[in-house]
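Peer 1: To be precise about what I am sending: the file is called final07.cif and holds mmCIF, C-alpha atoms.
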```cif
data_target
loop_
_atom_site.label_atom_id
_atom_site.label_comp_id
_atom_site.auth_asym_id
_atom_site.auth_seq_id
_atom_site.Cartn_x
_atom_site.Cartn_y
_atom_site.Cartn_z
CA MET W 1 -132.75 -64.59 230.11
CA GLN W 2 -135.30 -62.39 231.93
CA ASN W 3 -138.54 -61.59 230.13
CA PHE W 4 -139.76 -58.00 230.44
CA ILE W 5 -143.15 -56.88 229.12
CA PHE W 6 -143.35 -53.12 228.51
CA ILE W 7 -146.90 -51.80 228.23
CA SER W 8 -147.32 -48.88 225.80
CA PRO W 9 -143.61 -48.48 225.00
CA ASN W 10 -144.44 -45.89 222.33
CA PHE W 11 -145.92 -43.29 224.69
CA PRO W 12 -144.54 -41.03 225.97
CA THR W 13 -142.35 -40.88 222.88
CA ASN W 14 -139.10 -40.90 224.88
CA TYR W 15 -139.87 -44.18 226.67
CA TRP W 16 -138.24 -46.26 223.94
CA GLN W 17 -135.02 -45.44 225.78
CA PHE W 18 -136.11 -47.60 228.73
CA CYS W 19 -136.54 -50.48 226.27
CA ARG W 20 -133.17 -49.85 224.63
CA GLU W 21 -131.31 -50.02 227.93
CA LEU W 22 -133.17 -53.16 228.99
CA LYS W 23 -132.27 -54.87 225.72
CA ASN W 24 -128.66 -53.69 226.02
CA ASN W 25 -128.61 -55.38 229.44
CA GLY W 26 -129.61 -58.70 227.89
CA LEU W 27 -133.32 -58.79 228.72
CA ASN W 28 -135.96 -60.10 226.37
CA VAL W 29 -138.04 -56.94 225.82
CA LEU W 30 -141.65 -57.55 224.74
CA GLY W 31 -143.89 -54.61 223.88
CA ILE W 32 -147.69 -54.40 224.01
CA GLY W 33 -149.33 -51.32 222.49
CA ASP W 34 -152.15 -50.05 220.31
CA GLN W 35 -150.03 -48.33 217.66
CA PRO W 36 -149.44 -50.29 214.44
CA TYR W 37 -145.96 -51.80 214.32
CA GLU W 38 -145.06 -50.03 211.08
CA GLU W 39 -145.76 -46.67 212.75
CA LEU W 40 -143.39 -47.25 215.68
CA LYS W 41 -140.20 -45.21 215.79
CA PRO W 42 -137.26 -47.09 214.29
CA GLU W 43 -135.41 -46.70 217.59
CA LEU W 44 -138.26 -48.44 219.44
CA LYS W 45 -138.48 -51.27 216.90
CA ALA W 46 -134.76 -51.88 217.37
CA SER W 47 -135.24 -51.94 221.17
CA LEU W 48 -137.93 -54.65 221.21
CA ASN W 49 -137.55 -58.39 220.72
CA GLU W 50 -141.22 -58.62 219.78
CA TYR W 51 -144.28 -56.36 219.67
CA TYR W 52 -147.92 -57.36 220.09
CA LYS W 53 -150.49 -54.87 218.80
CA VAL W 54 -153.88 -54.68 220.50
CA ASN W 55 -156.84 -52.69 219.23
CA SER W 56 -157.16 -50.90 222.56
CA LEU W 57 -155.07 -50.90 225.72
CA GLU W 58 -158.32 -50.08 227.55
CA ASN W 59 -159.60 -53.59 226.72
CA TYR W 60 -158.29 -55.77 229.56
CA ASP W 61 -159.18 -59.06 227.88
CA GLU W 62 -157.19 -58.10 224.81
CA VAL W 63 -154.12 -57.10 226.82
CA TYR W 64 -154.51 -60.24 228.96
CA ARG W 65 -154.39 -62.37 225.83
CA ALA W 66 -151.26 -60.56 224.70
CA VAL W 67 -149.51 -61.34 228.00
CA ALA W 68 -150.72 -64.95 227.78
CA PHE W 69 -149.27 -65.22 224.27
CA PHE W 70 -145.87 -63.96 225.41
CA THR W 71 -145.96 -66.28 228.42
CA PHE W 72 -146.70 -69.28 226.17
CA LYS W 73 -143.97 -68.32 223.69
CA TYR W 74 -141.20 -67.16 226.04
CA GLY W 75 -142.01 -68.72 229.39
CA ARG W 76 -142.33 -67.06 232.79
CA ILE W 77 -142.63 -63.25 232.71
CA ASP W 78 -140.22 -61.67 235.20
CA TRP W 79 -141.27 -58.03 234.88
CA LEU W 80 -144.27 -56.08 233.61
CA GLU W 81 -144.25 -52.28 233.63
CA SER W 82 -145.54 -49.25 231.74
CA ASN W 83 -143.82 -46.57 233.88
CA ASN W 84 -147.02 -44.65 233.17
CA GLU W 85 -149.48 -43.33 235.77
CA TYR W 86 -152.49 -44.05 233.58
CA TRP W 87 -151.75 -47.77 233.42
CA LEU W 88 -150.58 -48.44 237.01
CA GLU W 89 -153.76 -50.24 238.01
CA ARG W 90 -153.77 -52.20 234.75
CA ASP W 91 -150.13 -53.18 235.33
CA ALA W 92 -150.95 -54.37 238.85
CA ALA W 93 -153.94 -56.41 237.67
CA LEU W 94 -151.84 -58.16 235.03
CA ARG W 95 -149.07 -58.89 237.53
CA THR W 96 -151.61 -60.33 239.95
CA ASP W 97 -153.30 -62.49 237.32
CA PHE W 98 -150.01 -63.83 235.94
CA HIS W 99 -148.23 -64.14 239.32
CA ILE W 100 -145.52 -61.63 238.40
CA THR W 101 -144.17 -60.70 241.84
CA SER W 102 -141.60 -58.04 240.90
CA GLY W 103 -144.03 -55.10 241.23
CA PHE W 104 -147.16 -53.81 242.92
CA GLN W 105 -150.19 -56.07 243.00
CA THR W 106 -153.88 -55.16 242.87
CA SER W 107 -154.02 -55.21 246.69
CA ASP W 108 -151.38 -52.46 246.80
CA MET W 109 -153.34 -50.01 244.64
CA PRO W 110 -155.43 -48.16 247.25
CA ARG W 111 -152.46 -46.67 249.11
CA ILE W 112 -150.64 -45.58 245.96
CA LYS W 113 -153.57 -44.44 243.78
CA TYR W 114 -156.10 -42.89 246.17
CA LYS W 115 -155.09 -39.50 247.50
CA SER W 116 -157.09 -39.99 250.69
CA LYS W 117 -155.29 -43.29 251.41
CA MET W 118 -151.86 -41.80 250.74
CA LYS W 119 -152.19 -39.46 253.71
CA GLU W 120 -152.00 -42.28 256.26
CA TYR W 121 -148.66 -43.47 254.88
CA TYR W 122 -147.25 -39.95 254.65
CA GLN W 123 -148.22 -39.40 258.27
CA LYS W 124 -146.52 -42.69 259.26
CA ALA W 125 -143.39 -41.23 257.66
CA GLY W 126 -143.70 -38.14 259.88
CA ILE W 127 -144.69 -35.82 257.02
CA SER W 128 -147.51 -33.30 257.46
CA THR W 129 -150.55 -33.44 255.16
CA ALA W 130 -153.32 -31.02 254.28
CA ARG W 131 -156.65 -31.54 256.01
CA TYR W 132 -159.27 -33.15 253.78
CA HIS W 133 -162.91 -34.11 253.40
CA MET W 134 -164.44 -36.64 251.02
CA VAL W 135 -166.99 -34.69 249.00
CA ASP W 136 -170.54 -35.60 249.97
CA ASP W 137 -173.30 -32.99 250.04
CA LEU W 138 -173.42 -29.21 250.34
CA ALA W 139 -173.86 -29.27 254.12
CA GLY W 140 -170.90 -31.62 254.65
CA CYS W 141 -168.64 -29.60 252.37
CA LYS W 142 -169.63 -26.29 253.96
CA ALA W 143 -168.90 -27.74 257.40
CA PHE W 144 -165.36 -28.60 256.23
CA VAL W 145 -164.92 -25.15 254.70
CA ALA W 146 -165.99 -23.65 258.03
CA GLN W 147 -162.94 -25.38 259.57
CA VAL W 148 -160.30 -24.57 256.94
CA GLY W 149 -161.68 -21.54 255.09
CA TYR W 150 -161.70 -20.77 251.38
CA PRO W 151 -160.14 -21.47 248.97
CA VAL W 152 -160.30 -25.25 248.87
CA VAL W 153 -159.15 -27.65 246.16
CA VAL W 154 -161.28 -30.55 244.90
CA LYS W 155 -160.11 -33.33 242.61
CA PRO W 156 -160.81 -37.01 241.92
CA ASP W 157 -159.56 -39.19 244.76
CA ASN W 158 -158.12 -41.50 242.12
CA GLY W 159 -156.95 -39.15 239.37
CA VAL W 160 -154.05 -38.60 237.00
CA GLY W 161 -152.10 -35.34 237.14
CA ALA W 162 -154.16 -32.16 237.54
CA SER W 163 -157.07 -33.28 235.38
CA ASP W 164 -160.50 -32.30 236.71
CA THR W 165 -158.97 -30.29 239.57
CA HIS W 166 -160.88 -27.25 240.81
CA ARG W 167 -160.04 -24.37 243.12
CA LEU W 168 -163.17 -23.14 244.88
CA SER W 169 -163.25 -19.72 246.55
CA SER W 170 -166.90 -19.20 247.53
CA ASP W 171 -170.15 -20.95 248.37
CA LYS W 172 -171.37 -20.08 244.87
CA GLU W 173 -168.40 -21.89 243.28
CA LEU W 174 -168.90 -24.84 245.65
CA GLU W 175 -172.55 -25.14 244.63
CA ALA W 176 -171.58 -24.94 240.96
CA PHE W 177 -169.00 -27.70 241.42
CA LEU W 178 -171.48 -29.99 243.17
CA ALA W 179 -173.95 -29.46 240.32
CA TYR W 180 -171.20 -30.26 237.80
CA LYS W 181 -170.23 -33.41 239.72
CA GLU W 182 -173.83 -34.60 239.93
CA LYS W 183 -174.36 -34.08 236.21
CA GLU W 184 -171.01 -35.18 234.74
CA HIS W 185 -169.40 -37.54 237.27
CA PRO W 186 -171.97 -38.78 239.78
CA ASP W 187 -170.03 -41.98 240.50
CA VAL W 188 -166.59 -40.40 240.91
CA ALA W 189 -165.26 -39.93 244.44
CA TYR W 190 -163.74 -36.47 244.96
CA ILE W 191 -161.47 -35.30 247.74
CA MET W 192 -161.60 -31.74 249.08
CA GLU W 193 -158.46 -30.32 250.68
CA GLU W 194 -157.50 -27.11 252.36
CA PHE W 195 -155.51 -24.85 250.05
CA VAL W 196 -151.77 -24.88 250.65
CA ARG W 197 -149.82 -21.74 249.77
CA ALA W 198 -146.75 -23.39 248.34
CA GLU W 199 -144.64 -24.40 245.38
CA VAL W 200 -144.31 -28.05 244.43
CA ASN W 201 -140.96 -29.77 245.09
CA SER W 202 -140.44 -33.36 243.97
CA TYR W 203 -138.30 -36.30 244.97
CA ASP W 204 -137.37 -38.30 241.88
CA ALA W 205 -135.51 -41.51 242.60
CA ILE W 206 -134.70 -44.99 241.38
CA ILE W 207 -135.23 -47.50 244.18
CA ASP W 208 -133.62 -50.95 244.29
CA ALA W 209 -135.13 -54.29 245.33
CA HIS W 210 -134.25 -53.60 248.98
CA GLY W 211 -136.03 -50.24 249.09
CA ASN W 212 -132.82 -48.18 248.90
CA PRO W 213 -132.27 -45.28 246.49
CA ILE W 214 -129.52 -45.74 243.90
CA PHE W 215 -130.19 -42.36 242.26
CA GLU W 216 -131.91 -39.20 243.53
CA ALA W 217 -132.88 -35.84 242.01
CA GLY W 218 -135.77 -33.41 242.24
CA ASN W 219 -137.67 -30.69 240.46
CA VAL W 220 -139.46 -27.49 241.41
CA SER W 221 -142.77 -26.29 239.94
CA PRO W 222 -143.25 -22.62 240.91
CA VAL W 223 -146.63 -22.49 239.14
CA SER W 224 -149.18 -25.21 239.92
CA ILE W 225 -150.22 -27.60 237.15
CA MET W 226 -153.81 -26.97 238.28
CA ASP W 227 -153.47 -23.30 237.34
CA ILE W 228 -151.67 -24.10 234.09
CA VAL W 229 -154.46 -26.45 232.99
CA ASN W 230 -157.39 -24.37 234.22
CA ASN W 231 -156.05 -21.00 233.03
CA ASP W 232 -154.45 -22.19 229.78
CA ASP W 233 -151.13 -20.76 231.02
CA ASN W 234 -147.56 -21.29 229.96
CA SER W 235 -145.77 -24.06 231.84
CA ILE W 236 -142.48 -23.91 233.71
CA TYR W 237 -140.54 -26.19 236.03
CA TYR W 238 -136.91 -27.06 236.55
CA ILE W 239 -134.62 -29.79 237.81
CA ILE W 240 -132.91 -28.37 240.85
CA LYS W 241 -129.12 -28.30 240.76
CA ASP W 242 -128.73 -29.95 244.17
CA LEU W 243 -131.48 -31.82 245.99
CA PRO W 244 -132.29 -30.13 249.34
CA GLU W 245 -131.63 -32.34 252.33
CA ASP W 246 -135.15 -31.97 253.71
CA THR W 247 -136.63 -33.12 250.37
CA ARG W 248 -134.21 -36.05 250.33
CA ALA W 249 -135.13 -37.03 253.89
CA ALA W 250 -138.87 -36.76 253.21
CA GLY W 251 -138.55 -38.76 250.00
CA ARG W 252 -136.58 -41.55 251.66
CA ALA W 253 -139.03 -41.72 254.56
CA ALA W 254 -141.96 -41.97 252.14
CA VAL W 255 -140.20 -44.74 250.18
CA LYS W 256 -139.99 -46.80 253.37
CA SER W 257 -143.53 -46.01 254.48
CA PHE W 258 -145.09 -46.93 251.12
CA GLY W 259 -142.96 -50.06 250.74
CA VAL W 260 -141.40 -49.09 247.41
CA LYS W 261 -139.05 -51.57 245.74
CA SER W 262 -137.57 -51.83 242.23
CA ARG W 263 -139.18 -48.66 240.90
CA PHE W 264 -138.58 -45.23 239.44
CA VAL W 265 -140.68 -42.87 241.60
CA HIS W 266 -141.87 -39.27 241.54
CA PHE W 267 -143.05 -38.06 244.96
CA GLU W 268 -144.55 -34.58 245.18
CA PHE W 269 -144.30 -32.30 248.20
CA PHE W 270 -145.47 -28.79 248.94
CA ARG W 271 -142.80 -26.36 250.12
CA MET W 272 -144.84 -23.77 251.97
CA THR W 273 -144.44 -20.17 250.86
CA ASP W 274 -146.31 -18.81 253.91
CA ASP W 275 -146.94 -19.89 257.49
CA GLN W 276 -150.12 -21.95 257.88
CA ALA W 277 -151.11 -22.85 261.41
CA SER W 278 -152.52 -26.27 260.48
CA MET W 279 -149.33 -27.42 258.74
CA GLY W 280 -146.31 -25.40 259.80
CA LYS W 281 -143.95 -22.62 258.87
CA LYS W 282 -142.85 -21.10 255.59
CA GLY W 283 -140.28 -23.36 253.92
CA GLN W 284 -141.58 -26.55 255.55
CA ILE W 285 -142.18 -29.70 253.50
CA VAL W 286 -145.80 -30.93 253.36
CA ALA W 287 -147.02 -34.05 251.54
CA LEU W 288 -148.89 -33.73 248.25
CA GLU W 289 -149.03 -37.13 246.53
CA VAL W 290 -146.96 -40.13 245.48
CA ASN W 291 -146.51 -41.26 241.90
CA MET W 292 -145.06 -44.73 241.47
CA ARG W 293 -143.51 -43.99 238.08
CA PRO W 294 -141.04 -41.53 236.56
CA CYS W 295 -141.97 -37.86 236.45
CA GLY W 296 -144.03 -37.31 233.33
CA GLY W 297 -143.22 -36.17 229.85
CA PHE W 298 -139.61 -35.38 229.08
CA THR W 299 -138.45 -35.08 232.69
CA PRO W 300 -136.19 -38.18 232.57
CA ASP W 301 -134.24 -36.50 229.76
CA MET W 302 -134.08 -33.28 231.79
CA ILE W 303 -132.68 -35.19 234.75
CA ASP W 304 -130.03 -36.62 232.43
CA PHE W 305 -129.06 -33.11 231.34
CA ALA W 306 -129.06 -31.82 234.93
CA ARG W 307 -126.88 -34.65 236.27
CA SER W 308 -124.77 -35.49 233.19
CA THR W 309 -125.94 -39.10 233.37
CA ASN W 310 -128.46 -41.58 231.92
CA VAL W 311 -131.40 -42.45 234.18
CA TYR W 312 -132.83 -44.82 231.58
CA LYS W 313 -129.69 -46.93 231.99
CA ILE W 314 -129.63 -46.57 235.78
CA TRP W 315 -133.22 -47.86 235.90
CA ALA W 316 -132.48 -50.71 233.48
CA ASP W 317 -129.35 -51.63 235.45
CA MET W 318 -131.48 -51.80 238.61
CA ILE W 319 -133.89 -54.16 236.83
CA ALA W 320 -131.19 -56.38 235.34
CA PHE W 321 -128.45 -56.32 237.97
CA GLY W 322 -129.93 -54.80 241.13
CA GLY W 323 -127.63 -51.77 240.97
CA THR W 324 -125.60 -49.60 238.61
CA ASP W 325 -122.12 -48.26 237.95
CA MET W 326 -123.45 -45.49 235.68
CA PRO W 327 -121.54 -42.31 236.63
CA VAL W 328 -123.21 -39.04 237.57
CA GLY W 329 -121.31 -35.97 236.38
CA GLU W 330 -121.48 -32.20 236.77
CA HIS W 331 -124.74 -30.79 238.12
CA TYR W 332 -126.81 -28.07 236.42
CA TYR W 333 -130.18 -26.43 236.62
CA CYS W 334 -132.32 -27.80 233.81
CA ALA W 335 -135.21 -25.50 232.91
CA PHE W 336 -138.38 -26.43 231.04
CA VAL W 337 -140.67 -23.88 229.39
CA GLY W 338 -143.84 -24.77 227.54
CA ARG W 339 -145.08 -21.72 225.65
CA ARG W 340 -148.79 -21.59 224.89
CA ASP W 341 -149.85 -20.93 221.30
CA GLY W 342 -151.78 -17.71 220.71
CA LYS W 343 -149.89 -15.51 223.18
CA SER W 344 -147.93 -12.43 222.08
CA PHE W 345 -144.31 -13.11 223.01
CA VAL W 346 -141.57 -10.50 222.75
CA TYR W 347 -138.93 -12.93 221.48
CA SER W 348 -139.55 -15.13 218.46
CA HIS W 349 -138.54 -18.76 218.33
CA GLU W 350 -135.60 -17.86 216.07
CA GLN W 351 -134.38 -15.13 218.42
CA LEU W 352 -134.49 -17.46 221.42
CA MET W 353 -132.62 -20.17 219.54
CA GLN W 354 -129.90 -17.71 218.58
CA LYS W 355 -129.54 -16.21 222.06
CA TYR W 356 -129.54 -19.54 223.94
CA GLN W 357 -128.03 -21.86 221.35
CA ASP W 358 -125.29 -22.99 223.74
CA ASN W 359 -127.80 -23.81 226.49
CA MET W 360 -130.61 -25.51 224.57
CA ARG W 361 -130.89 -29.26 225.04
CA MET W 362 -134.37 -30.04 223.66
CA VAL W 363 -136.64 -27.98 221.41
CA ASP W 364 -139.84 -29.47 220.04
CA ARG W 365 -143.60 -29.30 219.75
CA ILE W 366 -145.35 -30.91 222.70
CA PRO W 367 -147.65 -33.86 221.89
CA GLU W 368 -151.33 -32.96 222.06
CA ALA W 369 -151.91 -35.51 224.84
CA LEU W 370 -149.51 -33.56 227.08
CA SER W 371 -150.19 -29.99 225.94
CA GLY W 372 -152.92 -29.25 228.47
CA ALA W 373 -150.42 -29.39 231.33
CA MET W 374 -147.25 -28.53 229.43
CA GLY W 375 -148.02 -25.94 226.74
CA ASN W 376 -147.46 -26.26 223.00
CA GLN W 377 -143.83 -25.31 222.25
CA MET W 378 -141.12 -26.79 224.44
CA TYR W 379 -137.71 -25.38 225.33
CA VAL W 380 -135.33 -27.25 227.65
CA ALA W 381 -132.03 -25.62 228.59
CA THR W 382 -129.28 -26.05 231.20
CA PHE W 383 -127.56 -23.38 233.30
CA SER W 384 -124.83 -23.33 235.90
CA THR W 385 -126.49 -20.66 238.07
CA ARG W 386 -130.00 -19.81 239.17
CA ASP W 387 -129.59 -16.22 237.92
CA GLU W 388 -128.89 -17.47 234.39
CA MET W 389 -131.96 -19.70 234.55
CA GLU W 390 -134.21 -16.88 235.74
CA LYS W 391 -133.03 -14.65 232.87
CA PHE W 392 -133.89 -17.46 230.46
CA TYR W 393 -137.40 -17.76 231.90
CA SER W 394 -137.83 -13.99 231.73
CA ASP W 395 -136.84 -13.89 228.05
CA VAL W 396 -138.83 -16.91 226.90
CA LEU W 397 -142.02 -15.78 228.62
CA ALA W 398 -141.76 -12.01 227.99
CA VAL W 399 -145.05 -10.83 226.50
CA THR W 400 -146.29 -7.70 224.76
CA ASP W 401 -149.94 -7.35 225.82
CA ALA W 402 -151.05 -6.02 229.19
CA THR W 403 -153.06 -9.08 230.26
CA ASN W 404 -150.18 -11.47 229.79
CA ALA W 405 -147.80 -8.92 231.27
CA LYS W 406 -149.73 -9.26 234.53
CA VAL W 407 -149.14 -13.01 234.42
CA GLN W 408 -145.48 -12.40 233.69
CA ALA W 409 -145.18 -10.11 236.72
CA GLU W 410 -146.71 -12.80 238.92
CA LEU W 411 -144.25 -15.37 237.52
CA THR W 412 -141.33 -13.08 238.31
CA LYS W 413 -142.64 -12.78 241.86
CA VAL W 414 -142.87 -16.56 242.17
CA LEU W 415 -139.35 -17.14 240.85
CA ALA W 416 -138.02 -14.61 243.33
CA LEU W 417 -138.96 -16.94 246.19
CA GLY W 418 -135.49 -18.43 246.00
CA GLU W 419 -134.25 -21.88 246.89
CA PRO W 420 -134.43 -23.71 250.20
CA GLU W 421 -131.48 -22.83 252.41
CA ALA W 422 -130.44 -26.48 252.40
CA ALA W 423 -129.93 -26.41 248.65
CA VAL W 424 -128.01 -23.14 248.69
CA ALA W 425 -125.72 -24.46 251.41
CA GLU W 426 -124.74 -27.44 249.26
CA LYS W 427 -123.23 -25.28 246.52
#
```
Translate this file's structure into structure tokens.

Peer 2:
Amino acid sequence: MQNFIFISPNFPTNYWQFCRELKNNGLNVLGIGDQPYEELKPELKASLNEYYKVNSLENYDEVYRAVAFFTFKYGRIDWLESNNEYWLERDAALRTDFHITSGFQTSDMPRIKYKSKMKEYYQKAGISTARYHMVDDLAGCKAFVAQVGYPVVVKPDNGVGASDTHRLSSDKELEAFLAYKEKEHPDVAYIMEEFVRAEVNSYDAIIDAHGNPIFEAGNVSPVSIMDIVNNDDNSIYYIIKDLPEDTRAAGRAAVKSFGVKSRFVHFEFFRMTDDQASMGKKGQIVALEVNMRPCGGFTPDMIDFARSTNVYKIWADMIAFGGTDMPVGEHYYCAFVGRRDGKSFVYSHEQLMQKYQDNMRMVDRIPEALSGAMGNQMYVATFSTRDEMEKFYSDVLAVTDATNAKVQAELTKVLALGEPEAAVAEK
């Protein structure tokens, strides 16, 4: 029997499904987390063979002792994963220390965690990247801006999501950022990149032990997470009905370049909405960043709805058997909306539920830990056509006050960009 340690199986709250499918496949599933056992969801308790509570997952020695305990009790550990961006480096350190060879080691971390290091591997895959500069002093940053022009984007070179990401549009804003960095994060390395006028397209895939995809999908984020977080906006993205061929090709090339094996991955690309001389033409794919874990939050469930399948099982089958016979059914658009509390919406929750009762797949409050990037009230719905999805977005986000109406008009403009020709041709 294979032993699988799952780090933080209780968060995100839907990740118990990974554990269930592993256990159904005959693995010994061992959880390590900081939530008391009695507070775990019943479904998660039923999906674990044993659970070890630590006071803090941030305490490496404590987590190390938990892994050592499981190793002593059950023997060699075959797999250790969290499927969580925040713990990727911790996962790698534990694998390295306990000689668990089924995943990334500490030596692999620079190319998959540091945005500046990722660019080399994207370029080896033949994928364009935005020009960048490692933030130093005012003179060095202004010299880079002189090459690329404002705006520029700055963010931690090793960061999670869009946290601490800033769009700078003037020398005054640049000076303010450098003062903030010096005061708040003097030891953090920041990367500055030229601004790319684009929407974000992802390649979401489950990769086998030979580096080959056994399942592929993708999502589109018309509004950047940076803007959602910084402007306290509503959040929208959707699973695309059919993955465009250029996204598929770029994703597969990146998988090979980064040496991905036995993982669920979420690779992000820019699809340019305007020509930019340094990167290419409107519609072209440009690299953004790699994430060696599933797309965050409830996206695995959305992929299930969009493909009439079960990606939790496909992933667990890859772990247990090296492949899967899980069928993929009819394709849909699967739309996510995260409405922000405090905004004046035209349609109430009850009215939306009545109008879209046949389309709704998930409706819930968003956990506080995710609300910064995803809003407060979640609606997930499926549609057969893009027009139906756009009407849904229009209704859910319709607002009554003039300020938010301006935001709504901009959203409508963004959604009108349409799909890549490759995706339309597949239908």

Peer 1: Name all residues at most 12 Å from Lys117 in chain W (count all atoms listed in the file; drop same-chain ones fewer than 4 positions away) and give them as a PyMOL selection string.

Peer 2: chain W and resi 108-113+121-124+129+132+134+157-158+191+258+288-290

Peer 1: Taking 3 positions as the minimum chain separation for residues in the same chain, which residues sit within 9 Å of Trp315 in chain W when counting only C-alpha atoms? Answer as a PyMOL selection string.

Peer 2: chain W and resi 18+21-22+206-208+215+262-264+310-312+318-320+323-324

Peer 1: Residues picked by the PyMOL selection byres ((chain W and resi 293-305) around 6) here, as a VMD selection string?

Peer 2: chain W and resid 83 264 to 266 291 to 292 306 to 310

Peer 1: Can you pull out every residue within 10 Å of range 334-350 of chain W, counting only C-alpha atoms, but drop anything in the same chain fewer than 6 positions away, and send it as a PyMOL selection string?

Peer 2: chain W and resi 219-221+228+232-241+298-299+301-307+359-366+371-384+386+389-390+392-393+395-401+404-405

Peer 1: Let me make sure I understand: among W:Ser394, W:Thr385, W:Asn55, W:Ser257, which one has the smallest atom-to-atom distance to Lys119 in chain W if we use all atoms listed in the file?

Peer 2: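 Closest residue, counting all atoms listed in the file: W:Ser257.
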
Peer 1: Around all of range 294-312 of chain W's listed atoms, make the axis-aligned box with 4 Å on each side and tell me centre and edge lengths in Å to one decimal, as lines of an AutoDock Vina configuration file.

Peer 2:
```
center_x = -134.4
center_y = -38.3
center_z = 232.8
size_x = 27.3
size_y = 21.0
size_z = 15.5
```

Peer 1: Pick out the closest residue to Phe104 in chain W from this set: W:Arg167, W:Lys355, W:Leu57, W:Lys261. Count all atoms listed in the file.

Peer 2: W:Lys261
